[in-house]
file target_23.tsv (TSV, C-alpha atoms)
chain	number	residue	atom	x	y	z
S	5	HIS	CA	3.52	12.09	-11.19
S	6	VAL	CA	3.46	8.84	-9.24
S	7	HIS	CA	5.14	8.39	-5.88
S	8	TYR	CA	5.14	5.07	-4.05
S	9	LEU	CA	4.64	5.15	-0.28
S	10	GLU	CA	7.12	2.59	1.02
S	11	ALA	CA	5.78	2.59	4.57
S	12	PHE	CA	2.42	1.42	3.20
S	13	PRO	CA	3.20	-1.46	0.79
S	14	GLY	CA	1.25	-1.28	-2.46
S	15	SER	CA	-0.02	2.24	-1.79
S	16	PHE	CA	0.93	5.22	-3.92
S	17	VAL	CA	-0.07	8.79	-4.74
S	18	LEU	CA	-0.50	10.69	-7.98
S	19	ILE	CA	0.82	14.13	-7.11
S	20	ALA	CA	-0.64	17.21	-8.77
S	21	PRO	CA	1.95	19.51	-10.36
S	22	THR	CA	0.69	22.70	-8.73
S	23	LYS	CA	2.03	24.15	-5.49
S	24	GLN	CA	-1.37	25.41	-4.34
S	25	THR	CA	-3.01	22.01	-4.06
S	26	THR	CA	-5.31	21.84	-1.03
S	27	ARG	CA	-7.47	18.83	-1.94
S	28	ALA	CA	-6.78	15.13	-1.34
S	29	VAL	CA	-8.79	12.14	-2.56
S	30	VAL	CA	-8.13	8.73	-1.01
S	31	PHE	CA	-9.27	5.60	-2.84
S	32	VAL	CA	-9.95	2.36	-0.91
S	33	HIS	CA	-10.48	-0.80	-2.98
S	34	GLY	CA	-12.75	-3.73	-2.19
S	35	PHE	CA	-12.54	-7.47	-1.49
S	36	GLY	CA	-9.71	-9.02	-3.51
S	37	GLY	CA	-8.92	-5.72	-5.24
S	38	ASP	CA	-5.78	-3.61	-5.13
S	39	SER	CA	-4.69	-0.01	-5.35
S	40	CYS	CA	-3.89	-0.16	-9.05
S	41	GLY	CA	-6.25	-2.63	-10.74
S	42	THR	CA	-9.43	-1.41	-9.07
S	43	TRP	CA	-8.77	2.24	-9.88
S	44	SER	CA	-6.66	2.01	-13.05
S	45	HIS	CA	-9.33	3.70	-15.17
S	46	PHE	CA	-9.22	6.77	-12.93
S	47	GLN	CA	-5.46	6.83	-13.13
S	48	MET	CA	-5.48	6.68	-16.94
S	49	LEU	CA	-8.21	9.26	-17.48
S	50	ILE	CA	-7.07	12.14	-15.29
S	51	ASP	CA	-5.16	13.75	-18.16
S	52	GLU	CA	-7.61	12.74	-20.90
S	53	LEU	CA	-10.89	14.45	-20.01
S	54	ASP	CA	-10.87	18.17	-20.70
S	55	GLU	CA	-13.88	18.93	-18.48
S	56	PHE	CA	-12.08	17.54	-15.41
S	57	ARG	CA	-8.51	18.52	-16.21
S	58	ALA	CA	-8.49	21.67	-14.07
S	59	TRP	CA	-9.97	19.81	-11.09
S	60	PHE	CA	-7.45	16.96	-11.25
S	61	SER	CA	-4.55	19.40	-11.73
S	62	THR	CA	-5.15	20.73	-8.21
S	63	THR	CA	-5.89	17.39	-6.51
S	64	ASP	CA	-3.55	14.79	-5.03
S	65	LEU	CA	-4.90	11.26	-5.50
S	66	PHE	CA	-3.95	8.62	-2.94
S	67	PHE	CA	-4.49	4.91	-3.67
S	68	PHE	CA	-4.45	2.85	-0.48
S	69	GLN	CA	-3.79	-0.89	-0.46
S	70	TYR	CA	-4.64	-3.29	2.35
S	71	LYS	CA	-5.15	-7.02	2.96
S	72	SER	CA	-8.78	-7.05	1.90
S	73	VAL	CA	-9.19	-10.84	2.00
S	74	TRP	CA	-7.05	-12.18	4.82
S	75	GLU	CA	-7.64	-9.61	7.56
S	76	ARG	CA	-10.67	-8.66	9.61
S	77	ILE	CA	-12.50	-5.44	8.85
S	78	ASP	CA	-11.33	-3.93	12.14
S	79	SER	CA	-7.71	-4.57	11.17
S	80	SER	CA	-8.25	-2.95	7.76
S	81	VAL	CA	-9.90	0.03	9.46
S	82	ASP	CA	-6.87	0.41	11.70
S	83	ARG	CA	-4.60	0.32	8.64
S	84	VAL	CA	-6.52	2.98	6.75
S	85	LEU	CA	-6.66	5.25	9.81
S	86	ARG	CA	-2.89	4.99	10.23
S	87	PHE	CA	-2.53	5.81	6.54
S	88	LEU	CA	-4.79	8.84	6.84
S	89	ASP	CA	-2.97	10.01	9.97
S	90	ALA	CA	0.24	10.10	7.94
S	91	MET	CA	-1.21	11.79	4.84
S	92	VAL	CA	-3.89	14.28	5.93
S	93	PRO	CA	-4.36	17.10	6.59
S	94	ARG	CA	-0.61	17.66	6.53
S	95	PRO	CA	1.42	14.93	4.76
S	96	GLU	CA	4.35	13.69	6.82
S	97	GLU	CA	7.50	14.65	4.94
S	98	GLU	CA	9.30	11.36	5.60
S	99	HIS	CA	6.90	9.51	3.30
S	100	PHE	CA	7.72	11.75	0.34
S	101	LEU	CA	11.49	11.85	0.43
S	102	VAL	CA	13.26	10.66	-2.69
S	103	VAL	CA	16.90	9.69	-2.31
S	104	LEU	CA	19.13	10.47	-5.29
S	105	ASN	CA	22.41	8.61	-5.32
S	106	PRO	CA	24.57	10.40	-7.89
S	107	ILE	CA	27.30	8.68	-9.87
S	108	LEU	CA	30.37	8.75	-7.69
S	109	SER	CA	33.53	10.38	-8.96
S	110	GLU	CA	36.91	10.29	-7.32
S	111	GLU	CA	35.38	12.21	-4.44
S	112	THR	CA	32.54	10.77	-2.41
S	113	ILE	CA	29.38	12.73	-3.01
S	114	GLU	CA	26.72	12.82	-0.34
S	115	MET	CA	23.33	11.44	-1.34
S	116	VAL	CA	20.68	14.04	-2.13
S	117	ARG	CA	17.25	13.87	-0.49
S	118	LEU	CA	14.41	15.65	-2.24
S	119	SER	CA	10.69	15.81	-1.62
S	120	ALA	CA	8.34	14.35	-4.21
S	121	LEU	CA	5.89	17.14	-3.38
S	122	PRO	CA	6.24	20.39	-5.37
S	123	ALA	CA	5.57	22.29	-2.14
S	124	SER	CA	4.46	21.64	1.42
S	125	ARG	CA	0.83	20.58	1.52
S	126	VAL	CA	-1.91	21.39	3.97
S	127	TYR	CA	-5.13	19.82	2.73
S	128	GLU	CA	-8.30	21.74	3.42
S	129	GLU	CA	-10.57	19.26	1.65
S	130	LEU	CA	-10.64	15.46	1.87
S	131	ILE	CA	-12.72	13.00	-0.12
S	132	LEU	CA	-12.74	9.29	0.70
S	133	VAL	CA	-13.73	6.96	-2.14
S	134	GLY	CA	-14.53	3.30	-1.58
S	135	HIS	CA	-15.59	0.31	-3.65
S	136	SER	CA	-17.41	-2.71	-2.20
S	137	GLU	CA	-15.61	-3.74	1.03
S	138	GLY	CA	-13.82	-0.39	0.89
S	139	GLY	CA	-17.15	1.29	1.64
S	140	VAL	CA	-17.48	-0.71	4.86
S	141	VAL	CA	-13.89	0.08	5.85
S	142	ILE	CA	-14.41	3.81	5.27
S	143	ARG	CA	-17.70	3.98	7.14
S	144	LYS	CA	-16.27	2.08	10.13
S	145	ALA	CA	-13.17	4.30	10.05
S	146	ILE	CA	-15.34	7.41	10.39
S	147	LEU	CA	-17.09	5.94	13.42
S	148	ASP	CA	-13.76	4.99	15.01
S	149	ALA	CA	-12.36	8.46	14.27
S	150	ASN	CA	-15.28	9.96	16.15
S	151	SER	CA	-15.09	7.65	19.16
S	152	ASP	CA	-11.31	7.46	19.63
S	153	LYS	CA	-10.37	10.29	22.01
S	154	ARG	CA	-6.67	9.39	22.09
S	155	CYS	CA	-5.91	11.44	18.98
S	156	ASP	CA	-7.53	14.25	17.03
S	157	ARG	CA	-9.10	12.91	13.84
S	158	SER	CA	-11.77	15.57	13.55
S	159	PHE	CA	-10.52	16.38	10.04
S	160	LEU	CA	-11.88	13.02	8.87
S	161	LEU	CA	-15.38	13.85	10.11
S	162	GLY	CA	-15.51	16.71	7.62
S	163	ALA	CA	-14.57	14.50	4.69
S	164	GLY	CA	-16.78	13.89	1.70
S	165	ILE	CA	-17.64	10.22	1.17
S	166	THR	CA	-18.21	8.70	-2.28
S	167	LEU	CA	-18.96	4.98	-2.53
S	168	PHE	CA	-19.32	2.60	-5.45
S	169	ALA	CA	-21.51	-0.47	-4.81
S	170	PRO	CA	-20.52	-0.61	-1.12
S	171	ALA	CA	-20.95	-3.90	0.74
S	172	LEU	CA	-22.79	-2.17	3.57
S	173	PHE	CA	-25.64	-4.67	3.61
S	174	GLY	CA	-23.90	-7.94	2.70
S	175	TYR	CA	-21.65	-9.43	0.05
S	176	LYS	CA	-21.41	-12.41	-2.29
S	177	PRO	CA	-18.46	-13.32	-4.55
S	178	SER	CA	-18.27	-12.01	-8.10
S	179	GLY	CA	-16.22	-12.80	-11.18
S	180	LEU	CA	-14.81	-16.32	-11.54
S	181	LEU	CA	-15.41	-17.21	-7.90
S	182	GLY	CA	-19.01	-16.10	-8.16
S	183	THR	CA	-19.53	-18.21	-11.28
S	184	LEU	CA	-17.89	-21.28	-9.75
S	185	ALA	CA	-19.99	-20.89	-6.61
S	186	THR	CA	-23.13	-21.66	-8.62
S	187	PHE	CA	-21.93	-25.11	-9.76
S	188	PRO	CA	-22.84	-28.19	-7.70
S	189	GLY	CA	-19.84	-29.61	-5.88
S	190	ILE	CA	-17.49	-26.83	-6.95
S	191	GLY	CA	-19.74	-24.32	-5.26
S	192	LYS	CA	-19.19	-26.00	-1.90
S	193	VAL	CA	-15.43	-25.85	-2.36
S	194	VAL	CA	-15.57	-22.17	-3.27
S	195	ASP	CA	-17.87	-21.40	-0.36
S	196	SER	CA	-15.56	-23.28	2.02
S	197	PHE	CA	-12.57	-21.29	0.74
S	198	LEU	CA	-14.33	-17.94	1.07
S	199	SER	CA	-15.76	-18.80	4.46
S	200	ALA	CA	-12.21	-19.36	5.69
S	201	THR	CA	-11.21	-15.78	4.89
S	202	PRO	CA	-11.66	-13.26	7.73
S	203	ALA	CA	-12.92	-10.41	5.53
S	204	TYR	CA	-15.59	-12.59	3.87
S	205	GLN	CA	-16.80	-13.71	7.28
S	206	ASP	CA	-17.15	-10.09	8.37
S	207	LEU	CA	-18.92	-9.04	5.16
S	208	ASN	CA	-21.56	-11.69	5.85
S	209	ASP	CA	-21.94	-10.78	9.51
S	210	VAL	CA	-24.99	-8.57	9.04
S	211	ASP	CA	-26.22	-8.59	12.63
S	212	GLY	CA	-22.83	-8.45	14.35
S	213	LEU	CA	-21.01	-5.91	12.16
S	214	LEU	CA	-22.83	-4.39	9.20
S	215	ARG	CA	-26.12	-3.41	10.80
S	216	PRO	CA	-24.43	-1.86	13.88
S	217	ILE	CA	-22.23	0.21	11.56
S	218	GLN	CA	-25.31	1.53	9.78
S	219	GLU	CA	-27.25	2.19	12.97
S	220	GLU	CA	-24.34	4.02	14.59
S	221	THR	CA	-23.84	6.10	11.43
S	222	GLU	CA	-27.50	7.06	11.50
S	223	ARG	CA	-27.29	8.07	15.18
S	224	LEU	CA	-24.19	10.14	14.55
S	225	ALA	CA	-25.79	11.77	11.50
S	226	ALA	CA	-28.81	12.72	13.60
S	227	GLU	CA	-26.75	14.09	16.50
S	228	LYS	CA	-23.83	15.80	14.79
S	229	ALA	CA	-24.60	15.92	11.05
S	230	TYR	CA	-20.94	15.51	10.16
S	231	PRO	CA	-20.36	15.59	6.38
S	232	ALA	CA	-18.67	12.17	6.61
S	233	CYS	CA	-21.96	10.61	7.75
S	234	ALA	CA	-23.57	11.34	4.39
S	235	ALA	CA	-22.22	9.40	1.42
S	236	ARG	CA	-22.93	9.79	-2.25
S	237	ILE	CA	-23.41	6.26	-3.56
S	238	LEU	CA	-23.41	4.91	-7.10
S	239	TRP	CA	-25.15	1.56	-7.57
S	240	SER	CA	-25.40	-0.69	-10.61
S	241	ARG	CA	-28.88	-1.94	-11.45
S	242	GLN	CA	-27.25	-5.18	-12.63
S	243	ASP	CA	-25.26	-5.75	-9.43
S	244	HIS	CA	-25.71	-9.30	-8.12
S	245	VAL	CA	-22.92	-9.10	-5.56
S	246	VAL	CA	-24.07	-6.57	-2.95
S	247	LYS	CA	-27.49	-5.52	-1.73
S	248	PRO	CA	-28.45	-1.84	-1.86
S	249	GLY	CA	-30.34	-2.12	1.44
S	250	LYS	CA	-32.74	0.47	2.76
S	251	ASP	CA	-32.16	3.92	4.15
S	252	GLY	CA	-32.54	4.42	7.87
S	253	LYS	CA	-34.72	7.07	9.42
S	254	TYR	CA	-31.92	9.64	9.61
S	255	ARG	CA	-29.79	8.57	6.66
S	256	LYS	CA	-28.39	11.42	4.65
S	257	ASP	CA	-26.95	9.29	1.85
S	258	THR	CA	-27.85	10.10	-1.74
S	259	ARG	CA	-28.16	7.31	-4.30
S	260	ASP	CA	-27.79	7.09	-8.04
S	261	TYR	CA	-28.31	4.02	-10.21
S	262	VAL	CA	-26.73	3.30	-13.59
S	263	GLU	CA	-27.49	0.74	-16.27
S	264	GLY	CA	-25.13	-1.58	-18.06
S	265	HIS	CA	-22.45	-1.96	-15.42
S	266	SER	CA	-21.46	-4.77	-13.10
S	267	HIS	CA	-20.27	-4.72	-9.53
S	268	THR	CA	-16.67	-4.50	-10.70
S	269	SER	CA	-17.13	-2.02	-13.56
S	270	ILE	CA	-19.22	0.49	-11.58
S	271	CYS	CA	-16.01	2.11	-10.30
S	272	LYS	CA	-14.20	2.12	-13.66
S	273	PRO	CA	-14.93	5.26	-15.71
S	274	ASN	CA	-14.20	5.52	-19.41
S	275	LEU	CA	-14.69	8.10	-22.14
S	276	ASN	CA	-18.37	7.14	-22.41
S	277	PHE	CA	-18.98	6.57	-18.71
S	278	THR	CA	-17.79	9.52	-16.63
S	279	ASP	CA	-20.37	9.15	-13.86
S	280	PRO	CA	-17.82	7.92	-11.27
S	281	ILE	CA	-15.65	11.00	-11.81
S	282	SER	CA	-18.64	13.35	-11.85
S	283	LEU	CA	-19.83	11.90	-8.54
S	284	ILE	CA	-16.51	12.64	-6.85
S	285	VAL	CA	-16.29	16.15	-8.31
S	286	SER	CA	-19.85	16.91	-7.23
S	287	MET	CA	-18.94	15.82	-3.69
S	288	SER	CA	-16.03	18.25	-3.80
S	289	GLU	CA	-18.35	21.05	-4.85
S	290	ALA	CA	-20.76	20.20	-2.02
S	291	LEU	CA	-17.96	20.52	0.55
S	292	GLN	CA	-17.04	24.03	-0.56

call {"tool": "encode", "arguments": {"input": "target_23.tsv", "output": "structure tokens"}}
result
Amino acid sequence: HVHYLEAFPGSFVLIAPTKQTTRAVVFVHGFGGDSCGTWSHFQMLIDELDEFRAWFSTTDLFFFQYKSVWERIDSSVDRVLRFLDAMVPRPEEEHFLVVLNPILSEETIEMVRLSALPASRVYEELILVGHSEGGVVIRKAILDANSDKRCDRSFLLGAGITLFAPALFGYKPSGLLGTLATFPGIGKVVDSFLSATPAYQDLNDVDGLLRPIQEETERLAAEKAYPACAARILWSRQDHVVKPGKDGKYRKDTRDYVEGHSHTSICKPNLNFTDPISLIVSMSEALQ
């Protein structure tokens, strides 16, 4: 069942019905996306596919929302880290309380506070899933979790990472904005608008932001070999928005390519396209 996380506007969780749930998956959308629209196909399919029903029935799915256009990447990273601090490995109870205000009779009845969780959770397994800009946010969050000695975020370093068309090597607009950008005159207006947005500026800062993230990830992968340094990535062969880039010397990432999908549809499974779900489940199996 769905539970909205009021302390994190726009974010919500689909809570598994079982008490023994020890797995959490956190979804991070991309530029201009949101927690619902980007991942709606996942949300609709979890009870429809028999081969994955048992896996989903023991997994809590968190859908994180952030200001993916009007804030810098560093700000978005800080937001997702604060979200993860509150949700994993042990969800903070205050975020799951549901207040029931019963119909009052002649006597005043005290409001009832219940937990949306069937039982207390302690997650032993974490998978972070990102699309487009979300891939950059996740990868930077892992680096910050490793370098920040003020708090213990070691749990994040053991997370499995699954990315869909991540903007790790640069980004161009898609959809209507991408189409308009190709027209003379209008293209300049669109480019001026996008260039004014902090996130778009960062996603085009290859030398100042994106390449250092990749190089630091490669160094960390070589030194520590944390699971979170090795992502499983799904790319579309028809993607004209992000560049797949090249693997570094120490990169542990694995890559798969699919036909017939765009930058935006690569993260939207359906009954005939279950690759996105299979990729996440295979990451779960690799962590065990």

call {"tool": "atom_distance", "arguments": {"input": "target_23.tsv", "atom1": "atom CA of S:Pro273", "atom2": "atom CA of S:Trp43"}}
result
9.0 Å

call {"tool": "residues_around", "arguments": {"input": "target_23.tsv", "residues": "S:Ile146", "least_positions_apart": "5", "cutoff": "7 Å", "atoms": "all atoms listed in the file", "output": "mmCIF file with C-alpha atoms, keeping the file's coordinate frame"}}
result
data_model
loop_
_atom_site.group_PDB
_atom_site.id
_atom_site.type_symbol
_atom_site.label_atom_id
_atom_site.label_comp_id
_atom_site.auth_asym_id
_atom_site.auth_seq_id
_atom_site.Cartn_x
_atom_site.Cartn_y
_atom_site.Cartn_z
ATOM 1 C CA LEU S 160 -11.880 13.020 8.870
ATOM 2 C CA LEU S 161 -15.380 13.850 10.110
ATOM 3 C CA ALA S 232 -18.670 12.170 6.610
#

call {"tool": "closest_residue", "arguments": {"input": "target_23.tsv", "among": "S:Ala90, S:Val81, S:Leu130, S:Leu121", "to": "S:Ala11", "atoms": "only C-alpha atoms"}}
result
S:Ala90

call {"tool": "residues_near_point", "arguments": {"input": "target_23.tsv", "point": "(7.5, 22.7, -6.7)", "cutoff": "6 Å", "atoms": "all atoms listed in the file", "output": "ChimeraX atom specification"}}
result
/S:23,122-123

call {"tool": "atom_distance", "arguments": {"input": "target_23.tsv", "atom1": "atom CA of S:Val245", "atom2": "atom CA of S:Gly36"}}
result
13.4 Å

call {"tool": "decode", "arguments": {"input": "target_23.tsv", "residues": "stretch 156-173 of chain S", "atoms": "N, CA, C and O atoms", "output": "compact mmCIF listing (two decimals), in the first residue's frame"}}
result
# COMPACT_ATOMS: atom_id res chain seq x y z
N ASP S 156 27.83 8.03 9.99
CA ASP S 156 28.09 6.71 9.45
C ASP S 156 27.09 6.39 8.34
O ASP S 156 25.91 6.19 8.60
N ARG S 157 27.57 6.40 7.10
CA ARG S 157 26.73 6.04 5.96
C ARG S 157 27.31 4.84 5.22
O ARG S 157 27.13 4.66 4.02
N SER S 158 28.01 4.01 5.97
CA SER S 158 28.65 2.84 5.37
C SER S 158 27.64 1.91 4.72
O SER S 158 27.97 1.18 3.78
N PHE S 159 26.40 1.91 5.23
CA PHE S 159 25.37 1.05 4.65
C PHE S 159 25.17 1.36 3.17
O PHE S 159 24.91 0.46 2.36
N LEU S 160 25.29 2.63 2.80
CA LEU S 160 25.09 3.03 1.41
C LEU S 160 26.17 2.47 0.50
O LEU S 160 25.93 2.21 -0.69
N LEU S 161 27.37 2.28 1.03
CA LEU S 161 28.48 1.79 0.21
C LEU S 161 28.28 0.33 -0.19
O LEU S 161 28.90 -0.15 -1.14
N GLY S 162 27.41 -0.36 0.52
CA GLY S 162 27.10 -1.74 0.17
C GLY S 162 25.86 -1.89 -0.68
O GLY S 162 25.41 -3.01 -0.92
N ALA S 163 25.33 -0.76 -1.14
CA ALA S 163 24.11 -0.80 -1.94
C ALA S 163 24.37 -1.29 -3.36
O ALA S 163 25.47 -1.13 -3.90
N GLY S 164 23.36 -1.89 -3.95
CA GLY S 164 23.40 -2.20 -5.37
C GLY S 164 22.92 -1.00 -6.16
O GLY S 164 21.98 -0.32 -5.75
N ILE S 165 23.54 -0.72 -7.29
CA ILE S 165 23.20 0.46 -8.09
C ILE S 165 22.72 0.02 -9.47
O ILE S 165 23.44 -0.68 -10.18
N THR S 166 21.51 0.43 -9.82
CA THR S 166 20.96 0.15 -11.15
C THR S 166 20.57 1.47 -11.79
O THR S 166 19.82 2.25 -11.20
N LEU S 167 21.09 1.71 -12.99
CA LEU S 167 20.87 3.00 -13.65
C LEU S 167 20.27 2.81 -15.04
O LEU S 167 20.65 1.88 -15.76
N PHE S 168 19.37 3.70 -15.39
CA PHE S 168 18.76 3.70 -16.72
C PHE S 168 19.16 4.99 -17.44
O PHE S 168 18.83 6.09 -17.00
N ALA S 169 19.91 4.82 -18.54
CA ALA S 169 20.37 5.95 -19.35
C ALA S 169 20.88 7.10 -18.49
O ALA S 169 20.39 8.23 -18.58
N PRO S 170 21.86 6.86 -17.62
CA PRO S 170 22.33 7.91 -16.72
C PRO S 170 23.08 9.01 -17.47
O PRO S 170 23.77 8.74 -18.46
N ALA S 171 22.94 10.23 -16.99
CA ALA S 171 23.59 11.38 -17.63
C ALA S 171 25.00 11.57 -17.09
O ALA S 171 25.41 12.69 -16.78
N LEU S 172 25.75 10.50 -16.99
CA LEU S 172 27.08 10.54 -16.40
C LEU S 172 28.10 11.21 -17.29
O LEU S 172 29.16 11.64 -16.82
N PHE S 173 27.82 11.31 -18.58
CA PHE S 173 28.79 11.84 -19.53
C PHE S 173 28.25 13.03 -20.31
O PHE S 173 28.80 13.41 -21.34
